[in-house]
Structure formats: C-alpha cells, structure tokens
$ cat query.txt   # compact mmCIF, C-alpha atoms
# COMPACT_ATOMS: atom_id res chain seq x y z
CA MET A 1 123.88 -178.22 51.30
CA ASP A 2 120.98 -175.81 50.95
CA SER A 3 118.97 -174.94 54.06
CA ARG A 4 116.32 -177.65 53.52
CA GLN A 5 118.97 -180.35 52.96
CA ARG A 6 120.81 -179.13 56.01
CA ALA A 7 117.60 -179.32 58.09
CA HIS A 8 117.02 -182.93 57.00
CA PHE A 9 120.64 -183.87 57.64
CA ILE A 10 121.11 -182.29 61.07
CA ASN A 11 117.70 -183.57 62.23
CA GLY A 12 118.91 -187.13 61.59
CA LEU A 13 122.03 -186.95 63.73
CA SER A 14 120.52 -187.11 67.22
CA GLY A 15 118.93 -190.52 66.62
CA PHE A 16 115.36 -191.72 66.98
CA LYS A 17 112.89 -189.28 68.53
CA SER A 18 109.60 -189.42 70.37
CA ALA A 19 106.33 -188.70 68.52
CA ASN A 20 103.86 -186.69 70.58
CA LEU A 21 100.89 -184.41 70.02
CA ILE A 22 100.65 -181.43 72.34
CA GLY A 23 97.12 -180.20 73.07
CA THR A 24 96.36 -176.67 74.29
CA ALA A 25 93.46 -174.23 74.57
CA ASP A 26 93.30 -170.44 74.68
CA GLU A 27 91.28 -168.22 77.01
CA ASN A 28 88.19 -168.62 74.78
CA GLY A 29 88.47 -172.41 74.73
CA ALA A 30 89.72 -172.53 71.13
CA THR A 31 91.90 -175.64 70.90
CA ASN A 32 95.23 -176.34 69.21
CA LEU A 33 97.05 -179.60 68.54
CA ALA A 34 100.62 -179.82 67.27
CA MET A 35 103.16 -182.53 66.53
CA PHE A 36 106.51 -182.45 68.38
CA SER A 37 109.46 -184.82 68.08
CA SER A 38 111.48 -183.15 70.86
CA VAL A 39 109.55 -184.26 73.97
CA THR A 40 112.22 -185.43 76.43
CA HIS A 41 112.22 -186.96 79.91
CA LEU A 42 113.90 -184.55 82.36
CA GLY A 43 113.43 -186.33 85.67
CA ALA A 44 111.17 -188.73 87.57
CA ASP A 45 110.74 -186.95 90.93
CA PRO A 46 109.39 -184.35 90.38
CA ALA A 47 108.03 -185.80 87.10
CA LEU A 48 109.34 -183.31 84.53
CA VAL A 49 109.10 -183.40 80.75
CA GLY A 50 110.53 -180.84 78.31
CA PHE A 51 110.13 -179.96 74.64
CA ILE A 52 111.71 -177.45 72.26
CA VAL A 53 109.76 -174.66 70.51
CA ARG A 54 110.92 -172.30 67.80
CA PRO A 55 108.89 -169.15 68.43
CA ASP A 56 108.95 -168.16 64.75
CA THR A 57 107.03 -171.25 63.59
CA VAL A 58 103.41 -172.38 63.64
CA ALA A 59 104.25 -173.98 67.01
CA ARG A 60 104.00 -170.51 68.55
CA HIS A 61 100.23 -171.11 68.88
CA THR A 62 101.09 -173.94 71.26
CA LEU A 63 103.51 -171.72 73.17
CA ASP A 64 101.08 -168.78 73.38
CA ASN A 65 98.34 -171.03 74.78
CA ILE A 66 100.65 -172.67 77.33
CA LYS A 67 101.91 -169.30 78.59
CA GLN A 68 98.35 -168.04 78.88
CA GLN A 69 96.74 -171.10 80.50
CA ASN A 70 99.76 -172.73 82.22
CA ARG A 71 98.48 -176.17 81.24
CA TYR A 72 98.81 -178.55 78.30
CA THR A 73 98.54 -182.21 77.36
CA ILE A 74 101.07 -184.59 75.79
CA ASN A 75 99.66 -187.53 73.82
CA GLN A 76 101.80 -190.38 72.44
CA VAL A 77 101.32 -191.09 68.73
CA HIS A 78 100.50 -194.67 67.72
CA LYS A 79 100.32 -196.59 64.46
CA SER A 80 96.55 -196.02 64.29
CA PHE A 81 96.91 -192.25 63.65
CA TRP A 82 100.53 -191.39 62.74
CA GLN A 83 99.55 -189.77 59.42
CA ALA A 84 96.86 -187.57 61.03
CA ALA A 85 99.46 -186.60 63.65
CA HIS A 86 101.92 -185.48 60.92
CA GLN A 87 99.11 -183.51 59.24
CA THR A 88 98.84 -181.29 62.36
CA SER A 89 102.20 -179.76 61.42
CA ALA A 90 100.60 -177.89 58.48
CA ARG A 91 100.44 -174.10 58.87
CA TYR A 92 96.78 -173.83 59.81
CA ASP A 93 95.47 -170.40 60.74
CA LYS A 94 94.94 -169.71 64.41
CA GLU A 95 91.15 -170.08 64.05
CA GLN A 96 91.42 -173.48 62.31
CA CYS A 97 91.48 -176.31 64.84
CA GLU A 98 93.85 -179.18 64.04
CA PHE A 99 91.41 -181.66 65.61
CA ALA A 100 88.73 -180.82 63.04
CA MET A 101 91.26 -180.64 60.20
CA THR A 102 92.82 -184.05 60.85
CA GLY A 103 89.93 -186.14 62.17
CA LEU A 104 91.39 -186.62 65.66
CA THR A 105 88.96 -186.49 68.58
CA LYS A 106 89.08 -184.20 71.62
CA GLU A 107 88.76 -185.78 75.04
CA TYR A 108 88.41 -183.77 78.25
CA VAL A 109 89.18 -184.57 81.87
CA ALA A 110 87.15 -182.81 84.56
CA GLY A 111 89.05 -179.91 86.09
CA PHE A 112 91.70 -179.84 83.34
CA ASN A 113 91.21 -177.25 80.62
CA PRO A 114 93.25 -178.33 77.54
CA PRO A 115 92.11 -181.21 75.32
CA PHE A 116 93.57 -184.71 75.18
CA VAL A 117 93.60 -186.85 72.04
CA GLN A 118 90.98 -189.56 72.50
CA GLN A 119 92.86 -191.93 70.17
CA SER A 120 96.05 -191.86 72.27
CA ARG A 121 96.50 -194.72 74.75
CA LEU A 122 99.20 -192.92 76.78
CA LYS A 123 98.67 -189.24 77.56
CA TYR A 124 99.12 -186.86 80.44
CA GLY A 125 98.28 -183.38 81.60
CA LEU A 126 101.03 -180.98 82.68
CA SER A 127 101.39 -177.65 84.42
CA LEU A 128 103.98 -175.23 83.11
CA ILE A 129 107.10 -174.93 85.28
CA GLU A 130 109.44 -172.78 83.19
CA CYS A 131 110.17 -171.53 79.68
CA LEU A 132 113.96 -171.69 79.46
CA PRO A 133 115.44 -169.63 76.59
CA ILE A 134 118.28 -171.19 74.58
CA LYS A 135 119.99 -167.97 73.60
CA HIS A 136 122.32 -169.45 71.00
CA ASN A 137 119.51 -170.19 68.53
CA GLY A 138 116.44 -168.41 69.91
CA THR A 139 114.54 -171.59 70.79
CA ILE A 140 112.83 -172.30 74.11
CA LEU A 141 112.88 -175.39 76.33
CA VAL A 142 109.35 -175.62 77.75
CA ILE A 143 109.40 -177.54 81.04
CA GLY A 144 106.25 -179.00 82.58
CA GLU A 145 105.37 -181.14 85.56
CA ILE A 146 103.07 -184.12 85.03
CA GLU A 147 99.80 -183.80 86.97
CA ILE A 148 97.60 -186.62 85.65
CA VAL A 149 98.36 -189.69 83.53
CA LEU A 150 95.82 -191.56 81.40
CA ILE A 151 97.22 -194.90 80.31
CA ASP A 152 96.04 -198.32 79.21
CA PRO A 153 96.82 -200.24 82.46
CA LYS A 154 97.84 -203.38 80.56
CA ALA A 155 100.96 -201.52 79.41
CA VAL A 156 102.31 -200.99 82.95
CA LYS A 157 104.47 -203.86 84.27
CA ASP A 158 105.03 -204.86 87.91
CA ASP A 159 108.26 -202.90 88.26
CA GLY A 160 106.72 -199.73 86.76
CA PHE A 161 108.11 -200.25 83.24
CA VAL A 162 105.74 -199.00 80.52
CA ASP A 163 105.54 -201.22 77.44
CA ILE A 164 105.02 -198.46 74.87
CA GLU A 165 105.77 -200.92 72.05
CA ALA A 166 102.62 -202.87 73.04
CA LEU A 167 100.70 -199.58 72.64
CA ASP A 168 101.97 -199.35 69.03
CA THR A 169 103.71 -196.06 69.83
CA VAL A 170 105.76 -194.87 66.85
CA THR A 171 109.18 -193.21 66.69
CA VAL A 172 110.44 -190.51 64.32
CA SER A 173 113.72 -190.01 62.49
CA GLY A 174 114.67 -186.78 60.76
CA LEU A 175 111.82 -184.45 59.87
CA ASP A 176 109.33 -186.86 58.35
CA SER A 177 110.16 -190.57 58.77
CA TYR A 178 107.97 -192.72 61.04
CA HIS A 179 108.84 -196.16 62.37
CA ASP A 180 107.39 -198.86 64.55
CA THR A 181 109.64 -200.98 66.73
CA ASN A 182 110.69 -204.53 67.67
CA ARG A 183 112.05 -205.05 71.15
CA LEU A 184 115.58 -206.47 71.26
CA SER A 185 115.23 -206.93 75.04
CA ARG A 186 115.17 -205.18 78.36
CA LEU A 187 118.61 -205.33 80.00
CA SER A 188 119.61 -205.75 83.63
CA TYR A 189 120.83 -202.76 85.67
CA ALA A 190 124.51 -202.38 84.73
CA LYS A 191 127.13 -203.08 87.42
CA PRO A 192 130.91 -202.79 87.09
CA ASN A 193 131.84 -206.44 87.60
CA LEU A 194 128.80 -208.11 86.06
CA ARG A 195 127.98 -208.38 82.35
CA VAL A 196 124.49 -207.04 81.59
CA THR A 197 121.94 -209.72 80.73
CA LYS A 198 118.57 -209.76 79.01
CA ILE A 199 115.66 -209.61 81.44
CA PRO A 200 111.98 -210.43 80.90
CA LEU A 201 109.47 -207.76 79.97
CA ASN A 202 107.98 -207.66 83.46
CA GLY A 203 111.42 -206.90 84.88
CA ALA A 204 111.24 -209.83 87.30
CA SER A 205 114.91 -210.80 87.34
CA SER A 206 116.12 -207.21 87.67
CA ARG A 207 114.57 -207.05 91.16
CA LYS A 208 116.93 -209.73 92.45
CA LEU A 209 119.93 -207.49 91.76
CA MET B 1 104.95 -196.68 93.69
CA ASP B 2 108.40 -196.87 95.27
CA SER B 3 111.15 -194.68 93.82
CA ARG B 4 112.49 -197.34 91.44
CA GLN B 5 109.00 -198.13 90.08
CA ARG B 6 108.37 -194.42 89.72
CA ALA B 7 111.62 -194.01 87.78
CA HIS B 8 110.64 -196.81 85.36
CA PHE B 9 107.12 -195.44 84.96
CA ILE B 10 107.95 -191.76 84.38
CA ASN B 11 110.81 -192.67 82.02
CA GLY B 12 108.31 -194.44 79.76
CA LEU B 13 105.95 -191.51 79.32
CA SER B 14 107.95 -189.32 76.94
CA GLY B 15 108.05 -192.00 74.22
CA PHE B 16 110.95 -193.57 72.34
CA LYS B 17 114.38 -192.05 72.95
CA SER B 18 117.69 -191.84 71.17
CA ALA B 19 120.56 -194.15 72.15
CA ASN B 20 123.95 -192.44 72.11
CA LEU B 21 127.37 -192.87 73.68
CA ILE B 22 129.12 -189.67 74.71
CA GLY B 23 132.92 -189.77 74.60
CA THR B 24 135.11 -187.41 76.60
CA ALA B 25 138.70 -187.07 77.83
CA ASP B 26 140.22 -185.24 80.80
CA GLU B 27 143.34 -183.04 80.89
CA ASN B 28 145.57 -186.13 81.21
CA GLY B 29 143.95 -187.87 78.25
CA ALA B 30 142.04 -190.36 80.42
CA THR B 31 138.90 -191.24 78.47
CA ASN B 32 135.29 -191.72 79.50
CA LEU B 33 132.32 -193.16 77.63
CA ALA B 34 128.72 -192.99 78.86
CA MET B 35 125.28 -193.96 77.59
CA PHE B 36 122.63 -191.24 77.27
CA SER B 37 119.02 -191.53 76.12
CA SER B 38 118.33 -187.78 76.28
CA VAL B 39 120.31 -186.50 73.27
CA THR B 40 117.93 -184.12 71.46
CA HIS B 41 118.07 -182.06 68.28
CA LEU B 42 117.88 -178.34 69.16
CA GLY B 43 118.31 -176.70 65.77
CA ALA B 44 119.89 -177.12 62.34
CA ASP B 45 121.57 -173.74 61.79
CA PRO B 46 123.62 -173.45 63.92
CA ALA B 47 123.71 -177.24 64.33
CA LEU B 48 122.91 -177.65 68.03
CA VAL B 49 122.35 -180.81 70.05
CA GLY B 50 121.50 -181.04 73.76
CA PHE B 51 121.46 -183.71 76.45
CA ILE B 52 120.47 -183.86 80.13
CA VAL B 53 122.89 -184.64 82.96
CA ARG B 54 122.14 -185.28 86.61
CA PRO B 55 125.27 -184.02 88.38
CA ASP B 56 124.84 -186.48 91.27
CA THR B 57 125.24 -189.56 89.06
CA VAL B 58 128.14 -191.38 87.42
CA ALA B 59 127.47 -189.11 84.40
CA ARG B 60 129.25 -186.32 86.28
CA HIS B 61 132.55 -187.71 84.87
CA THR B 62 131.21 -186.84 81.42
CA LEU B 63 130.17 -183.37 82.59
CA ASP B 64 133.48 -182.67 84.36
CA ASN B 65 135.44 -183.61 81.24
CA ILE B 66 133.25 -181.51 78.95
CA LYS B 67 133.57 -178.45 81.17
CA GLN B 68 137.32 -178.91 81.33
CA GLN B 69 138.01 -179.64 77.65
CA ASN B 70 135.01 -177.94 75.96
CA ARG B 71 134.73 -180.81 73.51
CA TYR B 72 133.01 -184.19 73.32
CA THR B 73 131.75 -186.78 70.86
CA ILE B 74 128.27 -188.26 70.32
CA ASN B 75 128.11 -191.74 68.80
CA GLN B 76 124.86 -193.43 67.71
CA VAL B 77 124.31 -196.92 69.13
CA HIS B 78 123.58 -199.74 66.66
CA LYS B 79 122.40 -203.31 66.92
CA SER B 80 126.01 -204.54 66.74
CA PHE B 81 126.91 -203.14 70.20
CA TRP B 82 123.75 -202.16 72.12
CA GLN B 83 124.59 -204.42 75.08
CA ALA B 84 128.13 -203.04 75.41
CA ALA B 85 126.63 -199.55 75.22
CA HIS B 86 124.26 -200.31 78.13
CA GLN B 87 127.21 -201.74 80.12
CA THR B 88 128.87 -198.28 80.09
CA SER B 89 126.16 -197.09 82.51
CA ALA B 90 127.71 -199.14 85.35
CA ARG B 91 129.28 -197.09 88.15
CA TYR B 92 132.90 -197.53 87.12
CA ASP B 93 135.51 -195.63 89.10
CA LYS B 94 136.97 -192.53 87.49
CA GLU B 95 140.21 -194.37 86.66
CA GLN B 96 138.40 -197.28 84.95
CA CYS B 97 137.84 -196.58 81.26
CA GLU B 98 134.49 -197.72 79.86
CA PHE B 99 136.14 -198.53 76.52
CA ALA B 100 138.38 -201.16 78.12
CA MET B 101 135.58 -202.43 80.36
CA THR B 102 133.05 -202.97 77.56
CA GLY B 103 135.20 -203.93 74.56
CA LEU B 104 134.38 -200.86 72.51
CA THR B 105 137.22 -199.32 70.50
CA LYS B 106 138.53 -195.75 70.64
CA GLU B 107 138.92 -193.86 67.38
CA TYR B 108 140.60 -190.47 67.11
CA VAL B 109 140.31 -187.67 64.59
CA ALA B 110 143.34 -185.41 64.11
CA GLY B 111 142.94 -182.10 65.94
CA PHE B 112 140.02 -183.34 68.05
CA ASN B 113 140.85 -184.46 71.57
CA PRO B 114 138.00 -186.71 72.83
CA PRO B 115 137.56 -190.27 71.55
CA PHE B 116 134.95 -191.50 69.09
CA VAL B 117 133.53 -195.04 69.16
CA GLN B 118 135.03 -196.90 66.23
CA GLN B 119 132.01 -199.23 66.00
CA SER B 120 129.55 -196.36 65.49
CA ARG B 121 128.59 -195.56 61.89
CA LEU B 122 127.18 -192.10 62.70
CA LYS B 123 129.13 -189.91 65.11
CA TYR B 124 130.15 -186.31 65.50
CA GLY B 125 132.39 -184.02 67.46
CA LEU B 126 130.96 -181.03 69.32
CA SER B 127 132.18 -177.93 71.09
CA LEU B 128 130.44 -176.90 74.28
CA ILE B 129 128.14 -173.88 73.92
CA GLU B 130 126.38 -173.70 77.27
CA CYS B 131 125.46 -175.66 80.39
CA LEU B 132 121.91 -174.54 81.13
CA PRO B 133 120.73 -175.33 84.68
CA ILE B 134 117.20 -176.66 85.11
CA LYS B 135 116.59 -175.31 88.59
CA HIS B 136 113.43 -177.25 89.33
CA ASN B 137 115.23 -180.60 89.58
CA GLY B 138 118.95 -179.76 89.62
CA THR B 139 119.71 -181.24 86.20
CA ILE B 140 121.66 -179.53 83.44
CA LEU B 141 120.94 -179.19 79.72
CA VAL B 142 124.35 -179.44 78.03
CA ILE B 143 124.25 -177.69 74.65
CA GLY B 144 126.90 -178.29 71.99
CA GLU B 145 127.52 -177.23 68.42
CA ILE B 146 128.44 -179.90 65.87
CA GLU B 147 131.92 -179.37 64.39
CA ILE B 148 132.65 -182.57 62.45
CA VAL B 149 130.43 -185.45 61.33
CA LEU B 150 131.66 -188.95 60.54
CA ILE B 151 128.95 -190.92 58.73
CA ASP B 152 128.58 -193.83 56.38
CA PRO B 153 127.81 -191.87 53.16
CA LYS B 154 125.38 -194.52 51.91
CA ALA B 155 122.98 -193.43 54.66
CA VAL B 156 122.64 -189.85 53.36
CA LYS B 157 119.89 -189.38 50.75
CA ASP B 158 119.72 -186.73 48.00
CA ASP B 159 117.57 -184.35 50.01
CA GLY B 160 119.81 -184.60 53.09
CA PHE B 161 117.66 -187.17 54.93
CA VAL B 162 119.75 -189.61 57.00
CA ASP B 163 118.53 -193.22 56.91
CA ILE B 164 119.49 -194.16 60.48
CA GLU B 165 117.36 -197.30 60.23
CA ALA B 166 119.73 -198.59 57.51
CA LEU B 167 122.58 -198.03 59.98
CA ASP B 168 120.79 -200.37 62.46
CA THR B 169 120.55 -197.54 64.99
CA VAL B 170 118.53 -198.63 68.02
CA THR B 171 116.00 -196.74 70.11
CA VAL B 172 115.36 -196.90 73.87
CA SER B 173 112.17 -196.95 75.94
CA GLY B 174 112.13 -196.47 79.68
CA LEU B 175 115.39 -197.10 81.50
CA ASP B 176 116.49 -200.37 79.94
CA SER B 177 114.49 -201.48 76.89
CA TYR B 178 116.16 -201.48 73.45
CA HIS B 179 114.37 -201.73 70.11
CA ASP B 180 115.16 -201.79 66.43
CA THR B 181 112.76 -200.22 63.94
CA ASN B 182 110.71 -200.78 60.78
CA ARG B 183 109.98 -197.76 58.65
CA LEU B 184 106.27 -197.07 58.14
CA SER B 185 107.17 -194.37 55.59
CA ARG B 186 108.50 -190.90 55.11
CA LEU B 187 105.62 -188.41 54.74
CA SER B 188 105.27 -185.33 52.56
CA TYR B 189 105.63 -181.83 54.04
CA ALA B 190 102.22 -181.08 55.60
CA LYS B 191 100.11 -178.32 54.04
CA PRO B 192 96.69 -177.09 55.21
CA ASN B 193 94.63 -178.09 52.18
CA LEU B 194 96.49 -181.21 51.12
CA ARG B 195 96.43 -184.59 52.82
CA VAL B 196 99.94 -185.82 53.64
CA THR B 197 101.15 -188.70 51.47
CA LYS B 198 103.86 -191.33 51.74
CA ILE B 199 107.05 -190.35 49.91
CA PRO B 200 110.01 -192.50 48.84
CA LEU B 201 113.08 -192.89 51.02
CA ASN B 202 115.16 -190.55 48.83
CA GLY B 203 112.55 -187.81 49.32
CA ALA B 204 112.14 -187.33 45.55
CA SER B 205 108.44 -186.48 45.49
CA SER B 206 108.63 -184.11 48.43
CA ARG B 207 110.76 -181.76 46.33
CA LYS B 208 107.89 -181.14 43.93
CA LEU B 209 105.76 -179.66 46.69

$ encode --input "query.txt" --output "structure tokens"
Amino acid sequence: MDSRQRAHFINGLSGFKSANLIGTADENGATNLAMFSSVTHLGADPALVGFIVRPDTVARHTLDNIKQQNRYTINQVHKSFWQAAHQTSARYDKEQCEFAMTGLTKEYVAGFNPPFVQQSRLKYGLSLIECLPIKHNGTILVIGEIEIVLIDPKAVKDDGFVDIEALDTVTVSGLDSYHDTNRLSRLSYAKPNLRVTKIPLNGASSRKL
Amino acid sequence: MDSRQRAHFINGLSGFKSANLIGTADENGATNLAMFSSVTHLGADPALVGFIVRPDTVARHTLDNIKQQNRYTINQVHKSFWQAAHQTSARYDKEQCEFAMTGLTKEYVAGFNPPFVQQSRLKYGLSLIECLPIKHNGTILVIGEIEIVLIDPKAVKDDGFVDIEALDTVTVSGLDSYHDTNRLSRLSYAKPNLRVTKIPLNGASSRKL
C-alpha cells in the first residue's frame, strides 16, 4: 500500500468515530474552526474530553490557539452541516477564517472567549488541562475539562442519557465517510448472572436494577 | 445530577463511539474479553491505536494481562453479536471467562497468544507500546501498534478505504446505546478553493484531485 492507501486503511480499523468541530481564537480574536474525528470521552467526574493533534498539520492552528488562550469549544456535527464541517479540513491560511469560508455561524457566550458553532445543537466550552505527548508518533493528546454545556434540553432523558441520534449527530468512518444512525436499543447494565435486556430510551427500567 | 446521571450525561457529549472487544490472556492462558467504547485511531504510520482504562474497574483484568503479555487483540462489534458484546461488561470474577459466559467463540492465530473473537469480521493483534497515565483523573491511555489484521477482504476498497458499514459494525452513544449506520456519503479531500463533493464508495474520483 502507498501512504495514502495506508492512511485510509488504518483509519478504518478503530471503528466509527465522533464528528466534532473545535472552535478557538487567538490573542487578537481571530477565530479558527477545525474538524476532528478523535474527540474521546476520558471521564465523567471531573468531566474530561481528549482529542489527538498532529502538530505538523493544519490542525496546529487549533493547538497554537488552545495553548495561548487555554480555552476552546467542541461542537457536535449534525446532518444539517456535515459537508461544511468537512470543508473546514482544507488547508486555509492562518488569516482565513473557516467560519467565513464554510458558511457556519459564530456564536459567543458571555465570559468565554472562543467561538461556538451556532448550528450545533450540542456544544461545550472547555479549559485546557494538559497536552500529553505521544512520543512514539509525535502526536499530542489534548485534554480539557468541560466548563459549560449548551444543549437542546429535549435530548436529555430522565436518567441523564443524551439522545444524540435525535439531534441528527453524524458519525465518521475512515478519513472521509459520514453516516447517520438508527438505534438498535439501549441495553440494561450488565450483571454476571443476568442476560442484558433492551431498555426504553428514557432508561426507566434500568433504574430498577 | 447524581453520579449515575452525570455519567450518562457526560458520556453522551463526545459523540458516537467505536464498539470493540479487547481480547487478552494471562501467563496461564486464562482468557479475558472486555467491551470498550474508547478505542481511537492515533496514527497510520506507525499504525497506532489507543484506548482508555480506569484501573479501578473490571477492565483492570484487561490491563493486567496486557502489561504481563505485551499483546492483545481488538475486535470490531457487529450487529450479529452486539448484545453478547455488552454482556462482557458485567463484573465477572477473574476466573470466569467472558467467552464462555457470553457465547462468543475464541479464535487463535499461530504465534499470537491472546484470543480473537471468531464472530468479528475486522480484528487485529497489537503489541503494547506504552501505558500513558492521565494524571488528572487516574485513567490510562493504552497505546498499541498493530501487528496483524484479519479482515473480510470484500470490505477493503481500491484506495484503502474500509467499508465498516458493510461489515455491520455498530456504534455506541453514551454508556449503553447501540446503533447501526446509513452512509450519507464519502466526501472529496477538502481544498481551500474547491467545495467538497460526494465521491463514490471506492474513492475513484478522489484520486483525480
């Protein structure tokens, strides 16, 4: 395989990925927006989220801004703007803003510097905790703590479950394939001597366990 | 929110996740199989994959075995066994094997110690590279390098893209919700002055760019 084939192939092996736009600003208020498929839940308390950056790519603008300002936003990508989200991965110059280039709209929250994506129905602001170097390939795991969450309240169920499928959130496979989803079911909390069962979307029956 | 609600809520924020079973064995050949939704692509060359472990959970059996044997397998979860895969997350005792408890079948590759899941159509064997501590919450990023890949060859397209949707690979949201997918499209490689376009599954038109 040549290097491009290899990139496609290896990117497919980990399974489906999240689709998120990361919004940042520099010291002059110039904004940046970039697509990432590596945003990963790291823990609920404290609420930590990580993503992987290759410092030799266009994503370094995101990394530079986060290191400088210590804050950034993560915005889930939905079916209403998945193609504009992919367009942000083009190698725009530092002075070109991906919002203007792709037609996405900036939204600001008082007291929080970097921009959110107005079109996203599930987004949050983070403060930088740590940039953890992965020495074996020169990438960096950027770890942030969630400070504020902006979410369509209809998507949050009684037991805290977030119905991201109802928000039309998309998922990514490989480098460039986008998918929407159909729920098979939620499943009950697994116990050794009990077969797992399907539970309703609001999680009601799981609370009896 | 109480701690369980908080866990559901925060787990939903990062977006859709991968669904993978990690297979390990200890020094006596006793096998372990555990569900993870945090398997993440870290880089294509070298081919690195990471996942997150909380050492205070049942997943510590997986971590202990990996540290001891330096090898493990990652097996994508498909629609044919998603419920059995979820069942592996029950708190079985160390001497109870999740294969026997859930009806999944062990498959071995000559010269590679830990078990694969026979039912999985995309799986690979890894050697441990590094256990990277995330100090802020006591979790560990386990980084491995892919050594061997077992895959249904029909799923691999000319340009290296892997059609995991055709393999019926599932995706996870939150702690317990499973989904299958519908492709929206693959998209062309994004360039600054060109709007991204839909490309065929075999990637043919992306090669002209």

$ interface_residues --input "query.txt" --of "chain A" --to "chain B" --cutoff "6 Å" --atoms "only C-alpha atoms" --output "ChimeraX atom specification"
/A:5,7-10,12,14-18,40-41,44,87,89-90,92,159-162,171,176-187,190-192

$ atom_distance --input "query.txt" --atom1 "CA of Asn113 in chain B" --atom2 "CA of Asp152 in chain B"
21.7 Å

$ closest_residue --input "query.txt" --among "A:Val117, A:Val109, A:Ile22, A:Ala85" --to "Ala59 in chain A" --atoms "only C-alpha atoms"
A:Ile22

$ atom_distance --input "query.txt" --atom1 "CA of Ala34 in chain B" --atom2 "CA of Asp168 in chain A"
29.2 Å

$ atom_distance --input "query.txt" --atom1 "CA of Arg71 in chain A" --atom2 "CA of Glu147 in chain A"
9.6 Å

$ axis_aligned_box --input "query.txt" --around "range 149-157 of chain B" --padding-each-side "5 Å" --output "AutoDock Vina command-line options"
--center_x 125.8 --center_y -190.0 --center_z 56.0 --size_x 21.8 --size_y 19.1 --size_z 20.6

$ closest_residue --input "query.txt" --among "A:Ser127, A:Thr62, A:Ser80, A:Thr73" --to "Pro114 in chain A" --atoms "only C-alpha atoms"
A:Thr73

$ residues_around --input "query.txt" --residues "Glu95 in chain A" --least-positions-apart "5" --cutoff "12 Å" --atoms "all atoms listed in the file" --output "VMD selection string"
chain A and resid 25 to 26 28 to 32 61 100 to 101

$ closest_residue --input "query.txt" --among "B:Asn202, B:Val142, B:Arg121, B:Asn70" --to "Phe36 in chain B" --atoms "only C-alpha atoms"
B:Val142

$ closest_residue --input "query.txt" --among "B:Lys67, B:Ala166, B:Cys97, B:Phe81" --to "Leu33 in chain B" --atoms "all atoms listed in the file"
B:Cys97

$ decode --input "query.txt" --residues "range 148-159 of chain B" --atoms "N, CA, C and O atoms" --output "short mmCIF file (atom, residue, chain, number, x, y, z; two decimals), in the first residue's frame"
data_model
loop_
_atom_site.label_atom_id
_atom_site.label_comp_id
_atom_site.auth_asym_id
_atom_site.auth_seq_id
_atom_site.Cartn_x
_atom_site.Cartn_y
_atom_site.Cartn_z
N ILE B 148 -0.93 -7.57 13.15
CA ILE B 148 -1.61 -8.39 12.13
C ILE B 148 -3.06 -7.96 12.06
O ILE B 148 -3.68 -7.66 13.08
N VAL B 149 -3.61 -7.94 10.85
CA VAL B 149 -5.01 -7.58 10.64
C VAL B 149 -5.73 -8.74 9.97
O VAL B 149 -5.24 -9.30 8.99
N LEU B 150 -6.87 -9.12 10.53
CA LEU B 150 -7.73 -10.13 9.93
C LEU B 150 -9.02 -9.42 9.50
O LEU B 150 -9.75 -8.90 10.34
N ILE B 151 -9.28 -9.40 8.21
CA ILE B 151 -10.42 -8.61 7.71
C ILE B 151 -11.04 -9.30 6.51
O ILE B 151 -10.33 -9.93 5.71
N ASP B 152 -12.35 -9.18 6.42
CA ASP B 152 -13.07 -9.65 5.25
C ASP B 152 -12.61 -8.80 4.06
O ASP B 152 -12.83 -7.59 4.03
N PRO B 153 -11.91 -9.40 3.07
CA PRO B 153 -11.29 -8.58 2.01
C PRO B 153 -12.29 -7.79 1.17
O PRO B 153 -11.94 -6.75 0.60
N LYS B 154 -13.54 -8.24 1.14
CA LYS B 154 -14.55 -7.50 0.36
C LYS B 154 -14.76 -6.09 0.90
O LYS B 154 -15.25 -5.22 0.20
N ALA B 155 -14.41 -5.87 2.18
CA ALA B 155 -14.66 -4.56 2.79
C ALA B 155 -13.59 -3.54 2.43
O ALA B 155 -13.76 -2.35 2.70
N VAL B 156 -12.48 -3.97 1.82
CA VAL B 156 -11.37 -3.04 1.55
C VAL B 156 -11.47 -2.54 0.10
O VAL B 156 -11.42 -3.34 -0.84
N LYS B 157 -11.60 -1.24 -0.08
CA LYS B 157 -11.76 -0.65 -1.40
C LYS B 157 -10.39 -0.35 -2.02
O LYS B 157 -9.37 -0.39 -1.35
N ASP B 158 -10.40 -0.01 -3.33
CA ASP B 158 -9.16 0.19 -4.07
C ASP B 158 -8.22 1.20 -3.43
O ASP B 158 -7.00 1.04 -3.45
N ASP B 159 -8.78 2.25 -2.87
CA ASP B 159 -7.92 3.31 -2.32
C ASP B 159 -7.57 3.06 -0.85
O ASP B 159 -7.03 3.96 -0.19
#
